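A.B. asks: Quick one: structure below, then a few questions.
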Amino acid sequence: MKWFLWPGDRVCDLLGLVDPADRVGFRTFANMIIWGFAIVAIALIYGKYLS
C-alpha cells in the first residue's frame with residue numbers, strides 16, 4: 001500500500017511540507033489528482049487502441 005501513497009509523499013517533499021497535519025491533507029489531494037489522471041489516461045488508451 002505504501003507505493004500507492006508514494007506520489008503524494010514526493011510532492012509534499014518537493015514542496016517542503018513537514019508538518020504532519022499539512023502533509024495529510026495535501027498528500028490526499030495530490031494522490032487523488034495523480035491517480036485520477038492515471039485512471040482516466042488508462043481508460044482513454046484502452047478505449048481508443050484496445051477496444
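Residue names in the C-alpha cells use chain letters A, B, ... in the order shown, residue numbers from 1 in each chain, and ligand numbers from 1 in the order shown.
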What's around stretch 9-15 of chain A at 10 Å? Count only C-alpha atoms, leave out sequence neighbours fewer than 5 positions away in its own chain, and write the answer as a CSV table (one decimal) with N, CA and C atoms, in the first residue's frame.

C.D. replies:
```
chain,number,residue,atom,x,y,z
A,2,LYS,N,2.1,1.1,0.5
A,2,LYS,CA,3.0,2.3,0.6
A,2,LYS,C,3.3,2.9,-0.8
A,3,TRP,N,3.3,2.0,-1.9
A,3,TRP,CA,3.6,2.5,-3.2
A,3,TRP,C,2.4,3.4,-3.7
A,4,PHE,N,1.2,3.1,-3.2
A,4,PHE,CA,0.1,3.9,-3.6
A,4,PHE,C,0.2,5.4,-3.1
A,22,ASP,N,-0.4,19.2,7.7
A,22,ASP,CA,-0.4,19.8,6.4
A,22,ASP,C,-0.1,18.6,5.4
A,23,ARG,N,0.8,17.7,5.7
A,23,ARG,CA,1.1,16.6,4.8
A,23,ARG,C,-0.1,15.7,4.5
A,24,VAL,N,-0.9,15.4,5.5
A,24,VAL,CA,-2.0,14.5,5.4
A,24,VAL,C,-3.0,15.1,4.4
A,26,PHE,N,-2.6,17.6,2.1
A,26,PHE,CA,-2.1,17.8,0.8
A,26,PHE,C,-1.8,16.5,0.1
A,27,ARG,N,-1.3,15.5,0.8
A,27,ARG,CA,-0.9,14.2,0.2
A,27,ARG,C,-2.2,13.6,-0.3
A,28,THR,N,-3.3,13.7,0.4
A,28,THR,CA,-4.6,13.1,0.0
A,28,THR,C,-5.0,13.8,-1.3
A,30,ALA,N,-3.1,15.5,-3.5
A,30,ALA,CA,-2.2,15.2,-4.6
A,30,ALA,C,-2.4,13.8,-5.1
A,31,ASN,N,-2.6,12.8,-4.3
A,31,ASN,CA,-2.9,11.4,-4.7
A,31,ASN,C,-4.2,11.3,-5.5
```

A.B. asks: Rounded to one decimal place, report the atom CA of A:Leu50-atom CA of A:Ile34 distance in Å.

C.D. replies: 23.0 Å
